[in-house]
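Student: My structure file data-v6.txt, compact mmCIF, N, CA and C atoms, is below:
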# COMPACT_ATOMS: atom_id res chain seq x y z
N MET A 1 7.18 -7.00 13.54
CA MET A 1 7.41 -6.98 12.13
C MET A 1 6.07 -7.06 11.41
N THR A 2 5.89 -6.16 10.47
CA THR A 2 4.64 -6.14 9.72
C THR A 2 4.77 -7.09 8.54
N MET A 3 3.75 -7.88 8.35
CA MET A 3 3.74 -8.79 7.21
C MET A 3 2.45 -8.59 6.44
N SER A 4 2.55 -8.72 5.13
CA SER A 4 1.33 -8.80 4.34
C SER A 4 0.94 -10.28 4.33
N LYS A 5 0.17 -10.69 3.36
CA LYS A 5 -0.26 -12.08 3.29
C LYS A 5 0.96 -13.01 3.31
N PRO A 6 0.91 -14.08 4.10
CA PRO A 6 2.07 -14.98 4.14
C PRO A 6 2.32 -15.68 2.82
N PHE A 7 1.29 -15.86 2.02
CA PHE A 7 1.49 -16.36 0.66
C PHE A 7 0.27 -15.99 -0.16
N GLU A 8 0.49 -15.85 -1.42
CA GLU A 8 -0.61 -15.56 -2.32
C GLU A 8 -0.36 -16.31 -3.62
N GLN A 9 -1.44 -16.65 -4.27
CA GLN A 9 -1.31 -17.38 -5.52
C GLN A 9 -1.28 -16.38 -6.67
N LYS A 10 -0.28 -16.50 -7.50
CA LYS A 10 -0.15 -15.63 -8.66
C LYS A 10 0.16 -16.51 -9.86
N LEU A 11 -0.74 -16.52 -10.82
CA LEU A 11 -0.59 -17.35 -12.01
C LEU A 11 -0.38 -18.83 -11.66
N GLY A 12 -1.04 -19.28 -10.60
CA GLY A 12 -0.97 -20.69 -10.23
C GLY A 12 0.21 -21.04 -9.33
N ILE A 13 1.12 -20.12 -9.07
CA ILE A 13 2.28 -20.37 -8.23
C ILE A 13 2.13 -19.55 -6.94
N TYR A 14 2.52 -20.15 -5.83
CA TYR A 14 2.43 -19.43 -4.56
C TYR A 14 3.70 -18.62 -4.30
N TYR A 15 3.51 -17.49 -3.67
CA TYR A 15 4.59 -16.58 -3.30
C TYR A 15 4.47 -16.24 -1.83
N ILE A 16 5.58 -15.95 -1.21
CA ILE A 16 5.56 -15.37 0.12
C ILE A 16 5.74 -13.87 -0.07
N CYS A 17 4.95 -13.10 0.61
CA CYS A 17 5.02 -11.64 0.52
C CYS A 17 5.23 -11.10 1.92
N ARG A 18 6.20 -10.20 2.04
CA ARG A 18 6.48 -9.61 3.34
C ARG A 18 6.87 -8.16 3.17
N VAL A 19 6.29 -7.31 3.97
CA VAL A 19 6.61 -5.89 3.94
C VAL A 19 8.00 -5.70 4.54
N VAL A 20 8.83 -4.90 3.86
CA VAL A 20 10.15 -4.56 4.37
C VAL A 20 9.97 -3.40 5.35
N PRO A 21 10.52 -3.51 6.56
CA PRO A 21 10.39 -2.40 7.51
C PRO A 21 10.94 -1.11 6.90
N GLU A 22 10.28 -0.01 7.23
CA GLU A 22 10.63 1.28 6.63
C GLU A 22 12.11 1.63 6.80
N ASP A 23 12.68 1.33 7.96
CA ASP A 23 14.09 1.68 8.20
C ASP A 23 15.06 0.80 7.41
N CYS A 24 14.57 -0.24 6.76
CA CYS A 24 15.42 -1.14 5.97
C CYS A 24 15.21 -1.00 4.47
N CYS A 25 14.19 -0.25 4.06
CA CYS A 25 13.85 -0.14 2.63
C CYS A 25 15.00 0.38 1.78
N GLY A 26 15.74 1.35 2.30
CA GLY A 26 16.85 1.92 1.52
C GLY A 26 17.92 0.90 1.20
N VAL A 27 18.20 0.00 2.11
CA VAL A 27 19.22 -1.01 1.90
C VAL A 27 18.68 -2.14 1.03
N VAL A 28 17.47 -2.58 1.32
CA VAL A 28 16.87 -3.68 0.56
C VAL A 28 16.53 -3.23 -0.86
N GLY A 29 16.13 -1.97 -1.00
CA GLY A 29 15.83 -1.43 -2.33
C GLY A 29 14.40 -1.63 -2.78
N LYS A 30 13.56 -2.08 -1.88
CA LYS A 30 12.14 -2.24 -2.21
C LYS A 30 11.33 -2.23 -0.92
N ARG A 31 10.02 -2.08 -1.08
CA ARG A 31 9.14 -1.99 0.09
C ARG A 31 8.56 -3.34 0.50
N GLU A 32 8.66 -4.32 -0.42
CA GLU A 32 8.07 -5.62 -0.12
C GLU A 32 8.91 -6.71 -0.77
N TRP A 33 9.13 -7.79 -0.03
CA TRP A 33 9.75 -8.97 -0.59
C TRP A 33 8.65 -9.84 -1.19
N LYS A 34 8.85 -10.31 -2.40
CA LYS A 34 7.96 -11.29 -3.02
C LYS A 34 8.85 -12.39 -3.56
N VAL A 35 8.73 -13.56 -2.97
CA VAL A 35 9.59 -14.68 -3.35
C VAL A 35 8.72 -15.86 -3.73
N SER A 36 9.03 -16.42 -4.89
CA SER A 36 8.28 -17.59 -5.35
C SER A 36 8.57 -18.78 -4.44
N LEU A 37 7.52 -19.53 -4.14
CA LEU A 37 7.67 -20.77 -3.38
C LEU A 37 7.75 -21.97 -4.33
N ASP A 38 7.77 -21.68 -5.62
CA ASP A 38 7.99 -22.68 -6.68
C ASP A 38 7.04 -23.87 -6.63
N THR A 39 5.80 -23.60 -6.27
CA THR A 39 4.81 -24.67 -6.27
C THR A 39 3.42 -24.09 -6.49
N ALA A 40 2.57 -24.91 -7.07
CA ALA A 40 1.17 -24.53 -7.23
C ALA A 40 0.30 -25.19 -6.17
N SER A 41 0.92 -25.96 -5.29
CA SER A 41 0.20 -26.66 -4.23
C SER A 41 0.24 -25.84 -2.95
N ARG A 42 -0.92 -25.56 -2.41
CA ARG A 42 -0.99 -24.78 -1.17
C ARG A 42 -0.29 -25.54 -0.03
N THR A 43 -0.49 -26.83 0.03
CA THR A 43 0.13 -27.65 1.08
C THR A 43 1.65 -27.57 0.99
N GLU A 44 2.18 -27.69 -0.22
CA GLU A 44 3.63 -27.60 -0.43
C GLU A 44 4.13 -26.19 -0.18
N ALA A 45 3.34 -25.19 -0.48
CA ALA A 45 3.72 -23.79 -0.30
C ALA A 45 3.88 -23.43 1.17
N GLU A 46 3.15 -24.10 2.04
CA GLU A 46 3.21 -23.77 3.47
C GLU A 46 4.52 -24.22 4.10
N LYS A 47 5.17 -25.23 3.55
CA LYS A 47 6.39 -25.79 4.16
C LYS A 47 7.56 -24.78 4.20
N PRO A 48 7.88 -24.08 3.12
CA PRO A 48 9.05 -23.20 3.17
C PRO A 48 8.79 -21.80 3.74
N ILE A 49 7.57 -21.52 4.19
CA ILE A 49 7.26 -20.17 4.66
C ILE A 49 8.12 -19.78 5.86
N LEU A 50 8.17 -20.62 6.88
CA LEU A 50 8.92 -20.26 8.08
C LEU A 50 10.41 -20.08 7.81
N PRO A 51 11.05 -20.97 7.04
CA PRO A 51 12.47 -20.72 6.72
C PRO A 51 12.68 -19.42 5.93
N ARG A 52 11.77 -19.12 5.01
CA ARG A 52 11.89 -17.87 4.23
C ARG A 52 11.72 -16.66 5.14
N LEU A 53 10.76 -16.72 6.06
CA LEU A 53 10.58 -15.63 7.02
C LEU A 53 11.80 -15.48 7.92
N ALA A 54 12.40 -16.60 8.28
CA ALA A 54 13.62 -16.56 9.11
C ALA A 54 14.75 -15.88 8.33
N GLU A 55 14.85 -16.14 7.03
CA GLU A 55 15.87 -15.47 6.19
C GLU A 55 15.66 -13.97 6.19
N THR A 56 14.41 -13.54 6.01
CA THR A 56 14.16 -12.09 5.99
C THR A 56 14.38 -11.48 7.38
N ASN A 57 14.05 -12.22 8.44
CA ASN A 57 14.34 -11.74 9.79
C ASN A 57 15.84 -11.51 9.97
N GLN A 58 16.64 -12.45 9.47
CA GLN A 58 18.09 -12.34 9.60
C GLN A 58 18.61 -11.13 8.82
N ILE A 59 18.09 -10.92 7.62
CA ILE A 59 18.50 -9.76 6.83
C ILE A 59 18.16 -8.47 7.58
N ILE A 60 16.96 -8.39 8.12
CA ILE A 60 16.54 -7.20 8.87
C ILE A 60 17.45 -6.98 10.08
N ASP A 61 17.73 -8.06 10.82
CA ASP A 61 18.62 -7.94 11.99
C ASP A 61 20.02 -7.48 11.57
N ASP A 62 20.53 -8.04 10.47
CA ASP A 62 21.87 -7.67 9.99
C ASP A 62 21.92 -6.21 9.54
N ILE A 63 20.87 -5.75 8.86
CA ILE A 63 20.81 -4.35 8.44
C ILE A 63 20.83 -3.44 9.66
N ARG A 64 20.01 -3.75 10.61
CA ARG A 64 19.89 -2.90 11.80
C ARG A 64 21.15 -2.92 12.67
N SER A 65 21.89 -4.01 12.63
CA SER A 65 23.12 -4.08 13.43
C SER A 65 24.34 -3.60 12.63
N GLY A 66 24.13 -3.28 11.33
CA GLY A 66 25.21 -2.74 10.51
C GLY A 66 26.14 -3.77 9.90
N ILE A 67 25.77 -5.04 9.90
CA ILE A 67 26.66 -6.07 9.35
C ILE A 67 26.13 -6.69 8.06
N TYR A 68 25.04 -6.15 7.53
CA TYR A 68 24.45 -6.72 6.32
C TYR A 68 25.36 -6.48 5.13
N ARG A 69 25.55 -7.50 4.33
CA ARG A 69 26.31 -7.40 3.08
C ARG A 69 25.42 -7.91 1.97
N ARG A 70 25.15 -7.05 1.02
CA ARG A 70 24.30 -7.42 -0.11
C ARG A 70 25.01 -8.45 -0.99
N TYR A 71 26.34 -8.33 -1.10
CA TYR A 71 27.11 -9.21 -1.97
C TYR A 71 28.07 -10.05 -1.14
N SER A 72 28.17 -11.32 -1.48
CA SER A 72 29.12 -12.21 -0.80
C SER A 72 30.52 -11.95 -1.35
N ASP A 73 31.53 -12.52 -0.68
CA ASP A 73 32.90 -12.40 -1.18
C ASP A 73 33.00 -12.97 -2.59
N TYR A 74 32.31 -14.07 -2.83
CA TYR A 74 32.32 -14.69 -4.16
C TYR A 74 31.72 -13.73 -5.20
N ASP A 75 30.58 -13.12 -4.87
CA ASP A 75 29.95 -12.16 -5.79
C ASP A 75 30.90 -11.01 -6.11
N LEU A 76 31.55 -10.47 -5.08
CA LEU A 76 32.46 -9.34 -5.29
C LEU A 76 33.65 -9.76 -6.14
N GLU A 77 34.14 -10.97 -5.94
CA GLU A 77 35.25 -11.47 -6.76
C GLU A 77 34.83 -11.58 -8.23
N GLN A 78 33.62 -12.08 -8.47
CA GLN A 78 33.13 -12.21 -9.84
C GLN A 78 32.94 -10.85 -10.50
N ILE A 79 32.41 -9.89 -9.75
CA ILE A 79 32.23 -8.53 -10.27
C ILE A 79 33.59 -7.93 -10.62
N GLY A 80 34.57 -8.08 -9.73
CA GLY A 80 35.90 -7.55 -9.97
C GLY A 80 36.57 -8.19 -11.18
N MET A 81 36.43 -9.50 -11.32
CA MET A 81 37.03 -10.18 -12.47
C MET A 81 36.38 -9.72 -13.77
N SER A 82 35.08 -9.58 -13.75
CA SER A 82 34.36 -9.12 -14.95
C SER A 82 34.79 -7.70 -15.31
N TRP A 83 34.90 -6.84 -14.31
CA TRP A 83 35.33 -5.47 -14.54
C TRP A 83 36.76 -5.45 -15.10
N GLY A 84 37.64 -6.28 -14.55
CA GLY A 84 39.02 -6.35 -15.02
C GLY A 84 39.12 -6.82 -16.46
N ILE A 85 38.33 -7.81 -16.82
CA ILE A 85 38.33 -8.32 -18.19
C ILE A 85 37.83 -7.24 -19.15
N ASP A 86 36.75 -6.56 -18.77
CA ASP A 86 36.22 -5.47 -19.62
C ASP A 86 37.26 -4.37 -19.80
N LEU A 87 37.93 -3.98 -18.71
CA LEU A 87 38.94 -2.94 -18.79
C LEU A 87 40.11 -3.38 -19.66
N SER A 88 40.50 -4.63 -19.52
CA SER A 88 41.60 -5.17 -20.33
C SER A 88 41.26 -5.10 -21.81
N HIS A 89 40.04 -5.46 -22.17
CA HIS A 89 39.62 -5.40 -23.57
C HIS A 89 39.60 -3.97 -24.08
N GLN A 90 39.15 -3.04 -23.24
CA GLN A 90 39.14 -1.64 -23.64
C GLN A 90 40.55 -1.13 -23.86
N LEU A 91 41.46 -1.48 -22.97
CA LEU A 91 42.84 -1.02 -23.10
C LEU A 91 43.51 -1.64 -24.32
N ASP A 92 43.17 -2.88 -24.63
CA ASP A 92 43.74 -3.53 -25.81
C ASP A 92 43.33 -2.82 -27.10
N SER A 93 42.19 -2.14 -27.07
CA SER A 93 41.71 -1.48 -28.28
C SER A 93 42.36 -0.12 -28.50
N TYR A 94 43.12 0.37 -27.53
CA TYR A 94 43.83 1.65 -27.66
C TYR A 94 45.32 1.40 -27.80
N GLN A 95 45.98 2.25 -28.56
CA GLN A 95 47.43 2.20 -28.59
C GLN A 95 47.92 3.15 -27.50
N MET A 96 48.54 2.59 -26.50
CA MET A 96 48.97 3.37 -25.35
C MET A 96 50.43 3.76 -25.51
N LEU A 97 50.71 4.73 -26.38
CA LEU A 97 52.08 5.19 -26.58
C LEU A 97 52.31 6.47 -25.80
N PRO A 98 53.48 6.61 -25.17
CA PRO A 98 53.73 7.85 -24.44
C PRO A 98 53.91 9.01 -25.42
N PRO A 99 53.46 10.19 -25.05
CA PRO A 99 53.62 11.33 -25.95
C PRO A 99 55.10 11.70 -26.10
N THR A 100 55.45 12.17 -27.28
CA THR A 100 56.83 12.61 -27.54
C THR A 100 56.90 14.12 -27.39
N THR A 101 58.13 14.63 -27.38
CA THR A 101 58.32 16.09 -27.32
C THR A 101 57.71 16.73 -28.55
N GLN A 102 57.82 16.05 -29.69
CA GLN A 102 57.27 16.59 -30.94
C GLN A 102 55.74 16.69 -30.85
N ASP A 103 55.11 15.68 -30.25
CA ASP A 103 53.66 15.72 -30.07
C ASP A 103 53.26 16.94 -29.24
N PHE A 104 54.02 17.18 -28.17
CA PHE A 104 53.72 18.31 -27.30
C PHE A 104 53.92 19.63 -28.05
N THR A 105 55.02 19.74 -28.77
CA THR A 105 55.32 20.96 -29.51
C THR A 105 54.26 21.21 -30.57
N ASP A 106 53.86 20.17 -31.27
CA ASP A 106 52.83 20.32 -32.30
C ASP A 106 51.50 20.75 -31.69
N GLU A 107 51.18 20.20 -30.53
CA GLU A 107 49.92 20.55 -29.88
C GLU A 107 49.94 22.02 -29.43
N VAL A 108 51.05 22.45 -28.84
CA VAL A 108 51.14 23.80 -28.30
C VAL A 108 51.25 24.83 -29.42
N TYR A 109 52.08 24.56 -30.42
CA TYR A 109 52.36 25.56 -31.45
C TYR A 109 51.64 25.29 -32.77
N GLY A 110 50.78 24.28 -32.77
CA GLY A 110 49.98 24.00 -33.96
C GLY A 110 50.79 23.67 -35.20
N GLY A 111 51.87 22.92 -35.00
CA GLY A 111 52.68 22.51 -36.15
C GLY A 111 53.70 23.54 -36.58
N LEU A 112 53.83 24.61 -35.84
CA LEU A 112 54.76 25.68 -36.18
C LEU A 112 56.19 25.17 -36.24
N SER A 113 56.52 24.21 -35.38
CA SER A 113 57.90 23.68 -35.36
C SER A 113 58.27 23.03 -36.69
N GLN A 114 57.31 22.38 -37.34
CA GLN A 114 57.60 21.76 -38.64
C GLN A 114 57.85 22.84 -39.69
N ALA A 115 57.07 23.88 -39.65
CA ALA A 115 57.22 24.96 -40.62
C ALA A 115 58.56 25.65 -40.43
N LEU A 116 59.03 25.81 -39.24
CA LEU A 116 60.29 26.48 -38.98
C LEU A 116 61.49 25.62 -39.33
N SER A 117 61.33 24.31 -39.29
CA SER A 117 62.46 23.44 -39.58
C SER A 117 62.73 23.28 -41.08
N HIS A 118 61.87 23.80 -41.92
CA HIS A 118 62.06 23.66 -43.38
C HIS A 118 62.64 24.89 -43.94
Using the file provided, produce a representation of the structure as structure tokens.
Tutor:
Amino acid sequence: MTMSKPFEQKLGIYYICRVVPEDCCGVVGKREWKVSLDTASRTEAEKPILPRLAETNQIIDDIRSGIYRRYSDYDLEQIGMSWGIDLSHQLDSYQMLPPTTQDFTDEVYGGLSQALSH
């Protein structure tokens, strides 16, 4: 696995940087992972590096074995609920009345039926 610098300081905060393997870039959506280590202390920044690298190793292994899921079941449930609420609001804003025979006749004959009935 190719890695860039294990951490770098950016604006006083340390980050872990890791190159995403080329065969995984399409799924990950980027060429490099950059994750904040949430500290300005180099000593503190070194502690979470191995667990973070283990997380990226697991993601790479899951992608390559075909079991990687970008979204958890919880995430998918939240997305579905949000989509359902949005759709419900959109439908509420329309009057969903079934078309009548008169509507069809008017559309086809351009109101001719009204003119003939008088």
Student: For a test of reading the model, state the distance in Å between CA of Phe7 in chain A and atom N of Val27 in chain A, rounded to one decimal.
Tutor: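 We find that CA of Phe7 in chain A and atom N of Val27 in chain A lie 23.4 Å from each other.
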Student: Quick one: DSSP strand (DSSP E) residues in range 3-76 of chain A, as a VMD selection string?
Tutor: chain A and resid 8 to 10 13 to 19 32 to 36
Student: One decimal, in Å: what's the spacing between CA of Ser36 in chain A and CA of Arg64 in chain A?
Tutor: 25.4 Å
Student: When distances are computed from all atoms listed in the file, which of A:Leu87, A:Ala54, A:Val28, A:Ile13 shows the smallest separation from Ala40 in chain A?
Tutor: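 Closest residue, counting all atoms listed in the file: A:Ile13.
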Student: Using only C-alpha atoms, tabulate the residues of range 37-98 of chain A lying at most 10 Å from any atom of range 18-23 of chain A, each with its closest atom pair and that distance in Å to one decimal, by chain and increasing residue number, as a tab-separated table.
Tutor:
residue	atom	partner	partner_atom	distance
A:Arg52	CA	A:Arg18	CA	9.9
A:Leu53	CA	A:Arg18	CA	8.2
A:Thr56	CA	A:Arg18	CA	8.5
A:Asn57	CA	A:Val20	CA	9.9
A:Ile60	CA	A:Pro21	CA	7.9
A:Ile63	CA	A:Asp23	CA	9.0
A:Arg64	CA	A:Asp23	CA	8.2
Student: Quick one: pull the distance between atom C of Gln58 in chain A and atom N of Leu76 in chain A, Å, one decimal.
Tutor: 19.0 Å
Student: What lies within 12 Å of Gln9 in chain A using only C-alpha atoms, ignoring chain neighbours under 4 positions off, as a VMD selection string?
Tutor: chain A and resid 5 13 to 17 34 to 42 45 to 46
Student: Determine the axis-aligned bounding box of all atoms of range 31-35 of chain A present in the file, pad each side by 4 Å, and express its centre and edge lengths in Å to one decimal place as lines of an AutoDock Vina configuration file.
Tutor:
center_x = 9.0
center_y = -8.9
center_z = -1.6
size_x = 10.1
size_y = 21.9
size_z = 12.2
Student: Identify, with DSSP run on backbone atoms, the residues in range 25-74 of chain A assigned to alpha helix (DSSP H), and express the list as a PyMOL selection string.
Tutor: chain A and resi 25-28+42-46+49-65+73-74
